[in-house]
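First the structure, in the form of structure tokens, and then the observations on it.
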Amino acid sequence: MEKKKFKVIDIDNSFVDKLVALYFSIFFLLLSFISSLLLGEKGEVWKGLFSIISSPSPLVTDYFRLGGLSSAFLNAGLCGISCTLLMFLLKAKCNYSTYAGFFLVVAHCFYGLNVLNMWPPMLGILVYTHVRRENFGDYLSVAFYSTAFAPFISEILFRYPLTSSPTTSFTLAGLIVVILFSIFIGFAIPAMLKGAKLLHREMSLYNGGLAFGLLGMFLYSFMYNIMGVTPEKSIAPPESSTLFGKEGILCNLFFFVAFAIAIIVGWFLNGRSFRGLGKLMKDPGFKSDFLEKYGDGVTMINLGVYGMMMVLYFDLCILLTEGQGWTGATCGIVLASVAFTASGQNIRNVWPVLSGYVLLYLFVSVLSRIFGFPVSWTLSTQAFMNGAAFATGLCPFTGRYGKRYGAAAGFVSAVLCTATSVMHGGFMLYNGGLVAGLSAMILSPMIDHYSKRGEELDGELMD
């Protein structure tokens with residue numbers, strides 16, 4: 001009997017991006033409601049949300065600690081719905097960049113971004129487009145990326161001594177500085193995004209991380225070092241926890257259900273098959289648009305499969321080593337890690353990068369035994385889990401040069417991941433993207449000087 005074949009369901013990629021954003025936003029809101037019942041936080045959800053939006057939030061401010069798990073998911077849901085409404089109301093032509101921008105917004109809603117501080121940077125982009133007489137909808141992804149500077153907004157409003165007051169919610173000086181700050185970054189960001197590609201040679205998918213990190217370093221130095229202000233630390237840093245705590249169990253359930261549904265929807269859109277997934281897995285991830293090359297169905301399957309892999313990676317790190325566990329930041333970085341599953345990331349080109357983190361840990365552990373010094377970090381230390389999530393943006397090293405070079409990229413990223421947040425004081429959320437960009441700047445010219453493999457594989461499928 002001949003097997004019945006189903007046609008691939010052809011949907012406009014832009015519309016798929018909007019549906020994905022709507023799907024995850026609703027999922028966050030549902031989990032907020034469910035968790036509030038399960039954890040007994042029903043009467044505290046809005047109070048917790050107020051604590052989140054009215055507090056300074058530099059890296060890493062754990063919103064699970066600051067407002068509670070249910071409030072953190074409510075914050076993510078509200079921010080996600082806001083972004084989704086902008087996509088629909090502006091009739092924006094969304095693409096892989098908008099897709100990535102959405103996931104980066106909701107990712108940081110668990111440790112630094114909220115429904116209040118997200119708006120000023122985006123309004124700065126709106127002013128830029130108005131002055132330049134361009135369509136704001138065409139810059140929607142840039143507006144999403146601009147929220148990386150949201151902690152600066154909260155700091156200026158609630159804690160920076162030159163603009164805030166302990167007795168009032170807002171000061172006139174704070175509001176004026178926020179407006180000027182937002183307009184400045186609104187004009188700086190579009191230009192810097194283009195320039196950053198020249199620095200890392202497009203070998204890092206987190207292009208904004210490098211651009212924003214350099215800009216954040218300038219802003220932080222001016223606001224604190226030049227103005228003689230002493231910075232303060234996060235008011236709710238992550239605490240040690242286990243995989244089997246309430247946060248770990250709920251986050252695992254949420255992610256596996258969400259990613260399983262993504263796989264099922266992708267399978268259905270792809271003609272009830274996994275055709276094309278194998279070819280996507282061989283893509284080098286360099287200047288790739290999976291939605292355009294392989295279709296929305298296969299891209300959705302890749303999102304689900306890849307997301308599950310990242311959850312399992314963090315579960316193993318938490319289970320096998322001592323560290324922070326499933327904090328708000330850990331939940332957020334899972335979402336950040338899938339941001340570029342439509343434009344370069346797949347299991348095959350990412351696992352070598354993650355292995356670079358493991359290799360560094362093993363290498364340092366061996367050295368510590370030989371020379372008798374203590375190791376102050378593990379694979380589940382928050383900074384290293386965050387770094388690993390964003391290091392996945394170095395997957396083009398695997399695709400263009402091979403698995404060994406992908407591991408080398410991860411190794412270099414792991415070395416740098418704790419050194420960069422002091423450059424911007426933790427007030428720029430894309431610290432992991434900054435690390436990835438710097439790693440690419442170090443490795444790419446060195447590899448190109450000693451190897452011709454990158455030129456041979458440029459744009460081709462991996463072996």
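How things are named: the first chain in the structure tokens is A, the next is B, and so on; residues count from 1 in each chain; ligands count from 1 in the order shown.
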Excluding Gly276 of chain A and its own-chain neighbours fewer than 2 positions away, which residues fall within 12 Å of it when counting only C-alpha atoms? Please give them as an mmCIF file with N, CA and C atoms, in the first residue's frame.
```cif
data_model
loop_
_atom_site.group_PDB
_atom_site.id
_atom_site.type_symbol
_atom_site.label_atom_id
_atom_site.label_comp_id
_atom_site.auth_asym_id
_atom_site.auth_seq_id
_atom_site.Cartn_x
_atom_site.Cartn_y
_atom_site.Cartn_z
ATOM 1 N N VAL A 8 3.591 20.223 2.052
ATOM 2 C CA VAL A 8 4.126 21.204 2.978
ATOM 3 C C VAL A 8 3.198 22.413 2.995
ATOM 4 N N GLY A 266 5.969 22.172 13.743
ATOM 5 C CA GLY A 266 6.889 22.166 12.612
ATOM 6 C C GLY A 266 6.716 20.943 11.739
ATOM 7 N N TRP A 267 6.555 19.796 12.379
ATOM 8 C CA TRP A 267 6.329 18.535 11.648
ATOM 9 C C TRP A 267 5.060 18.626 10.807
ATOM 10 N N ASN A 270 5.499 20.969 7.878
ATOM 11 C CA ASN A 270 6.437 20.389 6.917
ATOM 12 C C ASN A 270 5.874 19.170 6.205
ATOM 13 N N GLY A 271 4.559 19.112 6.105
ATOM 14 C CA GLY A 271 3.939 17.983 5.424
ATOM 15 C C GLY A 271 3.970 16.717 6.237
ATOM 16 N N ARG A 272 3.887 16.877 7.565
ATOM 17 C CA ARG A 272 3.907 15.753 8.501
ATOM 18 C C ARG A 272 5.132 14.873 8.282
ATOM 19 N N SER A 273 6.270 15.515 8.191
ATOM 20 C CA SER A 273 7.534 14.794 7.995
ATOM 21 C C SER A 273 8.684 15.633 8.546
ATOM 22 N N PHE A 274 9.860 15.005 8.599
ATOM 23 C CA PHE A 274 11.079 15.695 9.019
ATOM 24 C C PHE A 274 12.008 15.933 7.831
ATOM 25 N N GLY A 278 17.710 17.083 8.028
ATOM 26 C CA GLY A 278 19.083 16.609 7.881
ATOM 27 C C GLY A 278 19.951 17.614 7.143
ATOM 28 N N LYS A 279 19.397 18.238 6.114
ATOM 29 C CA LYS A 279 20.146 19.235 5.357
ATOM 30 C C LYS A 279 20.404 20.478 6.201
ATOM 31 N N LEU A 280 19.407 20.879 6.994
ATOM 32 C CA LEU A 280 19.606 22.025 7.876
ATOM 33 C C LEU A 280 20.721 21.743 8.880
ATOM 34 N N MET A 281 20.778 20.503 9.379
ATOM 35 C CA MET A 281 21.802 20.147 10.358
ATOM 36 C C MET A 281 23.213 20.207 9.775
ATOM 37 N N LYS A 282 23.325 20.183 8.461
ATOM 38 C CA LYS A 282 24.636 20.267 7.817
ATOM 39 C C LYS A 282 24.996 21.703 7.428
ATOM 40 N N ASP A 283 24.094 22.625 7.680
ATOM 41 C CA ASP A 283 24.356 24.016 7.311
ATOM 42 C C ASP A 283 25.457 24.593 8.199
ATOM 43 N N PHE A 290 17.575 30.284 7.740
ATOM 44 C CA PHE A 290 16.925 28.978 7.697
ATOM 45 C C PHE A 290 15.483 29.073 7.205
ATOM 46 N N LEU A 291 14.777 30.149 7.578
ATOM 47 C CA LEU A 291 13.391 30.293 7.134
ATOM 48 C C LEU A 291 13.314 30.352 5.617
ATOM 49 N N LYS A 293 15.761 29.280 3.445
ATOM 50 C CA LYS A 293 16.406 28.127 2.795
ATOM 51 C C LYS A 293 15.647 26.820 3.001
ATOM 52 N N TYR A 294 15.064 26.636 4.193
ATOM 53 C CA TYR A 294 14.485 25.332 4.514
ATOM 54 C C TYR A 294 12.996 25.380 4.843
ATOM 55 N N GLY A 295 12.437 26.572 5.004
ATOM 56 C CA GLY A 295 11.009 26.690 5.266
ATOM 57 C C GLY A 295 10.696 26.785 6.748
ATOM 58 N N ASP A 296 9.495 27.274 7.041
ATOM 59 C CA ASP A 296 9.116 27.508 8.423
ATOM 60 C C ASP A 296 8.932 26.226 9.217
ATOM 61 N N GLY A 297 8.460 25.152 8.560
ATOM 62 C CA GLY A 297 8.250 23.885 9.262
ATOM 63 C C GLY A 297 9.546 23.307 9.803
ATOM 64 N N VAL A 298 10.552 23.198 8.962
ATOM 65 C CA VAL A 298 11.848 22.651 9.367
ATOM 66 C C VAL A 298 12.500 23.563 10.413
ATOM 67 N N THR A 299 12.341 24.865 10.242
ATOM 68 C CA THR A 299 12.917 25.804 11.203
ATOM 69 C C THR A 299 12.270 25.650 12.570
ATOM 70 N N MET A 300 10.964 25.416 12.616
ATOM 71 C CA MET A 300 10.279 25.191 13.890
ATOM 72 C C MET A 300 10.761 23.903 14.546
ATOM 73 N N ILE A 301 10.975 22.872 13.741
ATOM 74 C CA ILE A 301 11.502 21.616 14.290
ATOM 75 C C ILE A 301 12.881 21.842 14.885
ATOM 76 N N ASN A 302 13.705 22.607 14.167
ATOM 77 C CA ASN A 302 15.051 22.913 14.657
ATOM 78 C C ASN A 302 14.984 23.676 15.975
#
```
Determine which residues of segment 164-363 of chain A receive a DSSP assignment of alpha helix (DSSP H), computed from the backbone, and state them as JSON, numbers by chain.
-> {"A": [172, 173, 174, 175, 176, 177, 178, 179, 180, 181, 182, 183, 184, 185, 186, 187, 188, 189, 190, 191, 192, 193, 194, 195, 196, 197, 198, 199, 200, 207, 208, 209, 210, 211, 212, 213, 214, 215, 216, 217, 218, 219, 220, 246, 247, 248, 249, 250, 251, 252, 253, 254, 255, 256, 257, 258, 259, 260, 261, 262, 263, 264, 265, 266, 267, 268, 269, 277, 278, 279, 280, 281, 290, 291, 292, 293, 294, 296, 297, 298, 299, 300, 301, 302, 303, 304, 305, 306, 307, 308, 309, 310, 311, 312, 313, 314, 315, 316, 317, 318, 319, 320, 328, 329, 330, 331, 332, 333, 334, 335, 336, 337, 347, 348, 349, 350, 351, 352, 353, 354, 355, 356, 357, 358, 359, 360, 361, 362, 363]}
Quick one: distance from atom CA of Ala389 of chain A to atom CA of Ile318 of chain A in Å, one decimal?
->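 Between these atoms lies a distance of 14.2 Å.
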So how many Å separate atom CA of Phe184 of chain A and atom CA of Ala148 of chain A, to one decimal?
->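 Atom CA of Ala148 of chain A lies at a distance of 14.2 Å from atom CA of Phe184 of chain A.
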Quick one: distance from atom CA of Leu104 of chain A to atom CA of Ala336 of chain A in Å, one decimal?
->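 For atom CA of Leu104 of chain A relative to atom CA of Ala336 of chain A, the distance reads 5.3 Å.
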Using only C-alpha atoms: which of A:Thr330, A:Ala342, A:Phe212, A:Ile347 has the shortest distance to Tyr306 of chain A |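 Among the listed residues, the smallest separation from Tyr306 of chain A belongs to A:Ile347.
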